[in-house]
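S.K.: Sharing final.txt here; it has compact mmCIF, C-alpha atoms and all ligand atoms.
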# COMPACT_ATOMS: atom_id res chain seq x y z
CA SER I 1 10.88 18.97 15.85
CA LYS I 2 7.16 18.60 15.50
CA LYS I 3 5.58 15.30 14.48
CA ILE I 4 3.86 15.25 11.12
CA THR I 5 1.78 12.94 8.93
CA ILE I 6 3.54 11.55 5.86
CA ALA I 7 1.51 10.21 2.93
CA ILE I 8 3.30 8.16 0.27
CA ASP I 9 1.44 7.24 -2.91
CA GLY I 10 2.44 5.95 -6.28
CA TRP I 11 2.40 3.16 -8.84
CA SER I 12 2.80 -0.49 -7.93
CA SER I 13 6.31 -1.62 -7.02
CA CYS I 14 7.87 1.81 -6.94
CA GLY I 15 9.55 1.25 -3.60
CA LYS I 16 6.90 3.01 -1.52
CA SER I 17 7.05 0.53 1.34
CA THR I 18 10.85 0.49 1.30
CA LEU I 19 10.95 4.26 1.69
CA ALA I 20 8.17 4.21 4.28
CA LYS I 21 10.05 1.65 6.39
CA GLN I 22 13.29 3.63 6.11
CA LEU I 23 11.55 6.82 7.21
CA SER I 24 9.76 5.06 10.04
CA LYS I 25 13.07 3.78 11.45
CA GLU I 26 14.82 7.10 10.97
CA LEU I 27 12.06 9.23 12.50
CA GLY I 28 10.60 6.75 14.99
CA TYR I 29 7.21 7.08 13.29
CA ILE I 30 4.56 4.38 12.96
CA TYR I 31 4.35 2.85 9.49
CA ILE I 32 1.07 1.60 8.07
CA ASP I 33 0.93 -0.33 4.81
CA SER I 34 -2.57 0.42 3.51
CA GLY I 35 -2.12 -1.95 0.56
CA ALA I 36 -1.79 -4.83 3.03
CA MET I 37 -5.35 -4.09 4.17
CA TYR I 38 -6.77 -4.36 0.63
CA ARG I 39 -4.72 -7.51 0.11
CA ALA I 40 -6.00 -9.07 3.35
CA ILE I 41 -9.61 -8.27 2.43
CA THR I 42 -9.03 -9.86 -0.98
CA LEU I 43 -7.55 -12.94 0.66
CA TYR I 44 -10.64 -13.26 2.83
CA PHE I 45 -12.94 -12.88 -0.19
CA LEU I 46 -11.02 -15.53 -2.14
CA ARG I 47 -10.88 -18.02 0.70
CA ASN I 48 -14.58 -17.64 1.47
CA HIS I 49 -15.68 -17.56 -2.16
CA ILE I 50 -17.34 -14.19 -1.77
CA ASP I 51 -19.02 -12.91 -4.92
CA TRP I 52 -17.76 -9.33 -4.73
CA THR I 53 -20.10 -8.15 -7.46
CA ASN I 54 -22.90 -8.77 -4.96
CA GLU I 55 -23.24 -5.78 -2.61
CA PRO I 56 -25.05 -7.42 0.32
CA GLU I 57 -22.58 -10.29 0.21
CA VAL I 58 -19.69 -7.84 0.36
CA ASP I 59 -21.24 -5.97 3.29
CA GLU I 60 -21.80 -9.20 5.17
CA ALA I 61 -18.25 -10.37 4.49
CA LEU I 62 -16.75 -7.04 5.62
CA SER I 63 -18.68 -7.28 8.88
CA ASN I 64 -16.79 -10.52 9.57
CA ILE I 65 -13.34 -9.05 8.95
CA THR I 66 -11.05 -7.68 11.63
CA LEU I 67 -7.74 -6.20 10.52
CA GLU I 68 -4.91 -5.37 12.85
CA PHE I 69 -1.24 -4.48 12.62
CA ARG I 70 1.11 -5.99 15.18
CA SER I 71 4.82 -5.64 15.52
CA ASN I 72 6.94 -8.73 14.88
CA ASN I 73 8.87 -9.56 18.07
CA LYS I 74 12.06 -10.45 16.24
CA THR I 75 12.25 -7.93 13.39
CA GLY I 76 10.17 -5.10 14.85
CA ASP I 77 8.37 -4.86 11.49
CA SER I 78 4.65 -4.23 11.51
CA GLU I 79 2.65 -7.19 10.18
CA ILE I 80 -0.99 -7.52 9.25
CA TYR I 81 -3.45 -9.86 10.98
CA LEU I 82 -6.71 -10.97 9.42
CA ASN I 83 -9.09 -12.20 12.11
CA GLU I 84 -6.14 -12.90 14.44
CA GLU I 85 -4.14 -14.75 11.77
CA ASN I 86 -0.81 -13.37 10.59
CA VAL I 87 -1.27 -13.06 6.80
CA GLU I 88 1.68 -10.76 6.09
CA TYR I 89 3.39 -13.41 3.95
CA VAL I 90 0.46 -15.01 2.14
CA ILE I 91 -1.07 -11.70 0.97
CA ARG I 92 2.07 -11.09 -1.16
CA ASP I 93 1.15 -14.04 -3.37
CA LEU I 94 0.36 -13.38 -7.03
CA VAL I 95 -3.03 -15.09 -6.52
CA VAL I 96 -4.00 -12.16 -4.29
CA ALA I 97 -2.28 -9.58 -6.50
CA GLU I 98 -4.36 -10.80 -9.46
CA LYS I 99 -7.61 -9.79 -7.75
CA VAL I 100 -6.74 -7.03 -5.30
CA SER I 101 -7.31 -4.09 -7.66
CA GLU I 102 -10.79 -5.36 -8.52
CA VAL I 103 -11.65 -5.68 -4.83
CA ALA I 104 -10.05 -2.32 -3.95
CA ALA I 105 -12.27 -0.60 -6.53
CA ILE I 106 -15.42 -1.52 -4.58
CA LYS I 107 -16.92 1.44 -2.76
CA ALA I 108 -17.88 -0.47 0.42
CA VAL I 109 -14.41 -1.98 0.63
CA ARG I 110 -12.78 1.45 0.37
CA SER I 111 -15.03 3.02 3.02
CA PHE I 112 -14.25 0.10 5.33
CA ALA I 113 -10.49 0.43 4.85
CA VAL I 114 -10.30 4.24 4.79
CA ALA I 115 -12.26 4.60 8.06
CA GLN I 116 -9.76 2.33 9.81
CA GLN I 117 -6.78 4.06 8.22
CA GLN I 118 -8.00 7.44 9.40
CA LYS I 119 -8.44 6.08 12.92
CA MET I 120 -4.94 4.59 12.93
CA GLY I 121 -3.51 7.88 11.75
CA ALA I 122 -5.49 10.12 14.09
CA GLU I 123 -2.24 11.07 15.83
CA LYS I 124 0.76 12.58 14.09
CA GLY I 125 4.02 10.71 13.74
CA ILE I 126 2.69 8.34 11.14
CA ILE I 127 3.69 7.26 7.65
CA MET I 128 1.14 5.56 5.44
CA ASP I 129 1.69 4.33 1.91
CA GLY I 130 -0.87 3.41 -0.73
CA ARG I 131 -2.71 4.93 -3.68
CA ASP I 132 -5.10 7.48 -2.16
CA ILE I 133 -3.40 8.49 1.08
CA GLY I 134 -2.57 12.07 0.07
CA THR I 135 -5.81 12.57 -1.85
CA THR I 136 -8.43 10.86 0.32
CA VAL I 137 -7.18 9.34 3.58
CA PHE I 138 -5.07 12.26 4.81
CA PRO I 139 -5.74 15.23 2.52
CA ASN I 140 -4.19 17.47 5.21
CA ALA I 141 -0.94 15.51 5.56
CA GLU I 142 1.98 17.90 6.03
CA LEU I 143 4.13 15.89 3.61
CA LYS I 144 2.87 14.05 0.53
CA ILE I 145 5.28 12.08 -1.59
CA PHE I 146 4.35 10.64 -4.97
CA MET I 147 6.73 7.90 -6.06
CA THR I 148 7.45 6.72 -9.52
CA ALA I 149 10.08 4.64 -11.34
CA ASP I 150 10.68 3.27 -14.83
CA ASN I 151 8.38 0.39 -15.74
CA ALA I 152 11.16 -2.05 -16.55
CA ILE I 153 12.86 -1.37 -13.24
CA ARG I 154 9.64 -1.88 -11.30
CA VAL I 155 8.94 -5.19 -13.08
CA GLU I 156 12.49 -6.35 -12.38
CA ARG I 157 12.28 -5.48 -8.68
CA ARG I 158 8.94 -7.18 -8.15
CA PHE I 159 10.00 -10.22 -10.17
CA LYS I 160 13.07 -10.73 -7.95
CA GLU I 161 10.91 -10.47 -4.85
CA LEU I 162 8.29 -12.95 -6.05
CA TYR I 163 10.81 -15.34 -7.61
CA GLU I 164 12.44 -15.94 -4.24
CA LYS I 165 9.15 -17.36 -2.99
CA ASN I 166 8.05 -19.08 -6.18
CA PRO I 167 10.65 -20.00 -8.84
CA ASN I 168 7.88 -20.94 -11.27
CA ILE I 169 6.85 -17.35 -11.71
CA THR I 170 7.63 -15.64 -15.02
CA ILE I 171 8.63 -12.06 -15.71
CA GLU I 172 5.72 -11.78 -18.18
CA GLU I 173 3.20 -12.64 -15.46
CA VAL I 174 4.68 -10.06 -13.13
CA LYS I 175 4.72 -7.40 -15.84
CA ALA I 176 1.11 -8.10 -16.81
CA ASN I 177 0.01 -7.93 -13.18
CA LEU I 178 1.69 -4.57 -12.54
CA GLU I 179 0.23 -3.08 -15.71
CA MET I 180 -3.24 -4.36 -14.91
CA ARG I 181 -3.16 -3.07 -11.33
CA ASP I 182 -1.86 0.35 -12.35
CA TYR I 183 -4.56 0.61 -14.98
CA ILE I 184 -7.43 -0.37 -12.69
CA ASP I 185 -6.05 1.66 -9.75
CA SER I 186 -5.78 4.84 -11.79
CA HIS I 187 -9.09 4.44 -13.65
CA ARG I 188 -11.51 3.41 -10.91
CA GLU I 189 -14.37 5.67 -9.93
CA VAL I 190 -13.70 5.89 -6.18
CA SER I 191 -10.46 7.68 -5.20
CA PRO I 192 -8.32 6.61 -8.15
CA LEU I 193 -4.54 6.72 -7.92
CA GLN I 194 -3.59 10.31 -8.61
CA LYS I 195 -0.78 12.59 -7.58
CA ALA I 196 -2.15 15.05 -5.02
CA SER I 197 -1.63 18.59 -6.32
CA ASP I 198 0.59 19.38 -3.34
CA ALA I 199 2.68 16.18 -3.48
CA VAL I 200 6.40 16.15 -4.22
CA VAL I 201 7.55 13.58 -6.78
CA ILE I 202 10.42 11.17 -6.21
CA ASP I 203 11.50 9.12 -9.21
CA ASN I 204 13.79 6.46 -7.82
CA SER I 205 14.73 4.73 -11.09
CA ASP I 206 18.34 5.80 -10.68
CA LEU I 207 18.51 6.26 -6.92
CA THR I 208 20.00 3.97 -4.32
CA GLN I 209 17.94 3.36 -1.21
CA THR I 210 20.27 5.64 0.74
CA GLN I 211 19.85 8.45 -1.79
CA GLN I 212 16.08 8.10 -1.81
CA LEU I 213 16.03 8.29 1.99
CA GLN I 214 18.21 11.42 2.00
CA ILE I 215 15.90 13.16 -0.47
CA ALA I 216 12.80 12.25 1.52
CA LEU I 217 14.40 13.37 4.80
CA LYS I 218 15.15 16.75 3.26
CA TYR I 219 11.42 17.16 2.54
CA VAL I 220 10.54 15.99 6.05
CA ARG I 221 12.82 18.61 7.62
CA MET I 222 11.18 21.34 5.56
CA LYS I 223 7.80 20.41 7.08
CA GLN I 224 8.78 19.71 10.68
O1 LIG J 301 0.61 -1.34 -2.12
P1 LIG J 301 0.24 -2.67 -2.70
O2 LIG J 301 0.83 -2.90 -4.06
O3 LIG J 301 0.47 -3.79 -1.76
O4 LIG J 301 -1.35 -2.56 -2.90
C1 LIG J 301 -2.08 -3.61 -3.47
C2 LIG J 301 -3.32 -3.05 -4.14
O5 LIG J 301 -4.21 -2.50 -3.17
C3 LIG J 301 -3.11 -1.93 -5.15
O6 LIG J 301 -2.77 -2.41 -6.43
C4 LIG J 301 -4.46 -1.25 -5.14
O7 LIG J 301 -5.39 -1.92 -5.95
C5 LIG J 301 -4.91 -1.41 -3.71
N1 LIG J 301 -4.69 -0.22 -2.89
C6 LIG J 301 -5.58 0.83 -2.96
N2 LIG J 301 -5.46 1.90 -2.15
C7 LIG J 301 -4.45 1.98 -1.28
C8 LIG J 301 -3.49 0.96 -1.20
C9 LIG J 301 -3.62 -0.14 -2.04
O8 LIG J 301 -6.52 0.77 -3.75
N3 LIG J 301 -4.38 3.05 -0.47
Before anything else, please render the file you have as structure tokens.

M.R.:
Amino acid sequence: SKKITIAIDGWSSCGKSTLAKQLSKELGYIYIDSGAMYRAITLYFLRNHIDWTNEPEVDEALSNITLEFRSNNKTGDSEIYLNEENVEYVIRDLVVAEKVSEVAAIKAVRSFAVAQQQKMGAEKGIIMDGRDIGTTVFPNAELKIFMTADNAIRVERRFKELYEKNPNITIEEVKANLEMRDYIDSHREVSPLQKASDAVVIDNSDLTQTQQLQIALKYVRMKQ
């Protein structure tokens, strides 16, 4: 079967990365989490007190950022490195999630990330998830999946994930963060979150992970 490019987009906490990881294992494709790049950039901006409303300051900061994905020796999972530091864990913090959509709306930040994503995906046999993969990063992807799920289910899933790390977190905080990110992500000027016209929709509100994988694999086989 021929190798293809798979673009997965959708709302926050819809299970995009879960599906992408499943597909990557099943197909032996490389998985790239584009959201991790925006999160790592945000982490850098926060740590270095970058005023991201100031264009020259943003350009200067971006010129000091190197992003890389490396495979974890034990788990085999791909993890993001910011200037040689593994930040895979710390970028999942709510402190980063609170600011990432603001940072990801900046034109210079998007050009910086998109150029690298396109380079990483220059060869087929890749799965990338995010918000603009099917519309902007890989408009010619053979398979585009747009994922969605009920709001309450998404909040619940993300809450469980964050609660394990920080038991002080509240469901209200998590809900507010998801709503805010979805709003900013779908209303920004530069490549807003949108379903590509040729994307297939998977609503996984009532699907198990196995069922969601089976559905996605059916689409993959149609395109291979
Ligand atoms: O996928 P994840 O939820 O980790 O992404 C974090 C944030 O990064 C999103 O809420 C969005 O603001 C931004 N993002 C984006 N474009 C992408 C991937 C993520 O703007 N392709």

S.K.: For chain I against ligand LIG 301 (chain J), with a cut-off of 9 Å and counting all atoms listed in the file, what is the closest atom pair and its distance in Å to one decimal for every residue that makes the cut, ordered by chain and number, as JSON lines?

M.R.:
{"residue": "I:Asp9", "atom": "CA", "partner": "J:LIG301", "partner_atom": "N3", "distance": 7.6}
{"residue": "I:Gly10", "atom": "CA", "partner": "J:LIG301", "partner_atom": "O1", "distance": 8.6}
{"residue": "I:Trp11", "atom": "CA", "partner": "J:LIG301", "partner_atom": "O2", "distance": 7.9}
{"residue": "I:Ser12", "atom": "CA", "partner": "J:LIG301", "partner_atom": "O2", "distance": 5.0}
{"residue": "I:Ser13", "atom": "CA", "partner": "J:LIG301", "partner_atom": "O2", "distance": 6.4}
{"residue": "I:Cys14", "atom": "CA", "partner": "J:LIG301", "partner_atom": "O2", "distance": 8.9}
{"residue": "I:Lys16", "atom": "CA", "partner": "J:LIG301", "partner_atom": "O1", "distance": 7.7}
{"residue": "I:Ser17", "atom": "CA", "partner": "J:LIG301", "partner_atom": "O1", "distance": 7.5}
{"residue": "I:Asp33", "atom": "CA", "partner": "J:LIG301", "partner_atom": "O1", "distance": 7.0}
{"residue": "I:Ser34", "atom": "CA", "partner": "J:LIG301", "partner_atom": "C8", "distance": 4.8}
{"residue": "I:Gly35", "atom": "CA", "partner": "J:LIG301", "partner_atom": "C9", "distance": 3.5}
{"residue": "I:Ala36", "atom": "CA", "partner": "J:LIG301", "partner_atom": "O3", "distance": 5.4}
{"residue": "I:Met37", "atom": "CA", "partner": "J:LIG301", "partner_atom": "C9", "distance": 7.6}
{"residue": "I:Tyr38", "atom": "CA", "partner": "J:LIG301", "partner_atom": "O5", "distance": 4.9}
{"residue": "I:Arg39", "atom": "CA", "partner": "J:LIG301", "partner_atom": "C1", "distance": 5.9}
{"residue": "I:Ile91", "atom": "CA", "partner": "J:LIG301", "partner_atom": "O3", "distance": 8.5}
{"residue": "I:Arg92", "atom": "CA", "partner": "J:LIG301", "partner_atom": "O3", "distance": 7.5}
{"residue": "I:Val96", "atom": "CA", "partner": "J:LIG301", "partner_atom": "C1", "distance": 8.8}
{"residue": "I:Ala97", "atom": "CA", "partner": "J:LIG301", "partner_atom": "C1", "distance": 6.7}
{"residue": "I:Lys99", "atom": "CA", "partner": "J:LIG301", "partner_atom": "O7", "distance": 8.4}
{"residue": "I:Val100", "atom": "CA", "partner": "J:LIG301", "partner_atom": "O7", "distance": 5.3}
{"residue": "I:Ser101", "atom": "CA", "partner": "J:LIG301", "partner_atom": "O7", "distance": 3.4}
{"residue": "I:Glu102", "atom": "CA", "partner": "J:LIG301", "partner_atom": "O7", "distance": 6.9}
{"residue": "I:Val103", "atom": "CA", "partner": "J:LIG301", "partner_atom": "O7", "distance": 7.4}
{"residue": "I:Ala104", "atom": "CA", "partner": "J:LIG301", "partner_atom": "O8", "distance": 4.7}
{"residue": "I:Ala105", "atom": "CA", "partner": "J:LIG301", "partner_atom": "O8", "distance": 6.5}
{"residue": "I:Arg110", "atom": "CA", "partner": "J:LIG301", "partner_atom": "O8", "distance": 7.5}
{"residue": "I:Ala113", "atom": "CA", "partner": "J:LIG301", "partner_atom": "N3", "distance": 8.5}
{"residue": "I:Val114", "atom": "CA", "partner": "J:LIG301", "partner_atom": "N3", "distance": 8.0}
{"residue": "I:Met128", "atom": "CA", "partner": "J:LIG301", "partner_atom": "N3", "distance": 8.5}
{"residue": "I:Asp129", "atom": "CA", "partner": "J:LIG301", "partner_atom": "N3", "distance": 6.6}
{"residue": "I:Gly130", "atom": "CA", "partner": "J:LIG301", "partner_atom": "N3", "distance": 3.5}
{"residue": "I:Arg131", "atom": "CA", "partner": "J:LIG301", "partner_atom": "N3", "distance": 4.1}
{"residue": "I:Asp132", "atom": "CA", "partner": "J:LIG301", "partner_atom": "N3", "distance": 4.8}
{"residue": "I:Ile133", "atom": "CA", "partner": "J:LIG301", "partner_atom": "N3", "distance": 5.7}
{"residue": "I:Thr136", "atom": "CA", "partner": "J:LIG301", "partner_atom": "N3", "distance": 8.8}
{"residue": "I:Val137", "atom": "CA", "partner": "J:LIG301", "partner_atom": "N3", "distance": 8.0}
{"residue": "I:Leu178", "atom": "CA", "partner": "J:LIG301", "partner_atom": "O6", "distance": 7.9}
{"residue": "I:Met180", "atom": "CA", "partner": "J:LIG301", "partner_atom": "O6", "distance": 8.7}
{"residue": "I:Arg181", "atom": "CA", "partner": "J:LIG301", "partner_atom": "O6", "distance": 5.0}
{"residue": "I:Asp182", "atom": "CA", "partner": "J:LIG301", "partner_atom": "O6", "distance": 6.6}
{"residue": "I:Ile184", "atom": "CA", "partner": "J:LIG301", "partner_atom": "O7", "distance": 7.2}
{"residue": "I:Asp185", "atom": "CA", "partner": "J:LIG301", "partner_atom": "O7", "distance": 5.3}
{"residue": "I:Ser186", "atom": "CA", "partner": "J:LIG301", "partner_atom": "O7", "distance": 8.9}
{"residue": "I:Ser191", "atom": "CA", "partner": "J:LIG301", "partner_atom": "O8", "distance": 8.1}
{"residue": "I:Pro192", "atom": "CA", "partner": "J:LIG301", "partner_atom": "O8", "distance": 7.5}
{"residue": "I:Leu193", "atom": "CA", "partner": "J:LIG301", "partner_atom": "O8", "distance": 7.5}

S.K.: Have a look at CA of Ile6 in chain I and CA of Ile126 in chain I and let me know their distance in Å, one decimal.

M.R.: 6.2 Å

S.K.: Just checking: using all atoms listed in the file, which residue out of I:Ile145, I:Ile171, I:Ile106, I:Ala176 ends up closest to Ala20 in chain I?

M.R.: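 Checking each candidate against Ala20 in chain I, we get I:Ile145 as the closest.
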
S.K.: Could you state the separation of CA of Thr53 in chain I and CA of Leu94 in chain I in Å, given to one decimal place?

M.R.: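 Calculated distance between CA of Thr53 in chain I and CA of Leu94 in chain I is 21.1 Å.
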
S.K.: Show me, as a VMD selection string, the residues that have an atom within 12 Å of Ser1 in chain I when counting only C-alpha atoms, minus same-chain residues fewer than 5 positions from it.

M.R.: chain I and resid 27 125 220 to 224

S.K.: So how many Å separate CA of Ile80 in chain I and CA of Leu67 in chain I, to one decimal?

M.R.: 7.0 Å

S.K.: What's the 9 Å shell around Val174 in chain I, counting only C-alpha atoms, without same-chain residues fewer than 2 positions away, as a PyMOL selection string?

M.R.: chain I and resi 94+155-156+158-159+162+169-172+176-179

S.K.: Store the residues of this selection in a file with C-alpha atoms, as a PDB file, keeping the file's coordinate frame.

M.R.:
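The file below, out-v6.pdb, is the result:
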ATOM      1  CA  LEU I  94       0.360 -13.380  -7.030  1.00  0.00           C
ATOM      2  CA  VAL I 155       8.940  -5.190 -13.080  1.00  0.00           C
ATOM      3  CA  GLU I 156      12.490  -6.350 -12.380  1.00  0.00           C
ATOM      4  CA  ARG I 158       8.940  -7.180  -8.150  1.00  0.00           C
ATOM      5  CA  PHE I 159      10.000 -10.220 -10.170  1.00  0.00           C
ATOM      6  CA  LEU I 162       8.290 -12.950  -6.050  1.00  0.00           C
ATOM      7  CA  ILE I 169       6.850 -17.350 -11.710  1.00  0.00           C
ATOM      8  CA  THR I 170       7.630 -15.640 -15.020  1.00  0.00           C
ATOM      9  CA  ILE I 171       8.630 -12.060 -15.710  1.00  0.00           C
ATOM     10  CA  GLU I 172       5.720 -11.780 -18.180  1.00  0.00           C
ATOM     11  CA  ALA I 176       1.110  -8.100 -16.810  1.00  0.00           C
ATOM     12  CA  ASN I 177       0.010  -7.930 -13.180  1.00  0.00           C
ATOM     13  CA  LEU I 178       1.690  -4.570 -12.540  1.00  0.00           C
ATOM     14  CA  GLU I 179       0.230  -3.080 -15.710  1.00  0.00           C
TER      15      GLU I 179
END
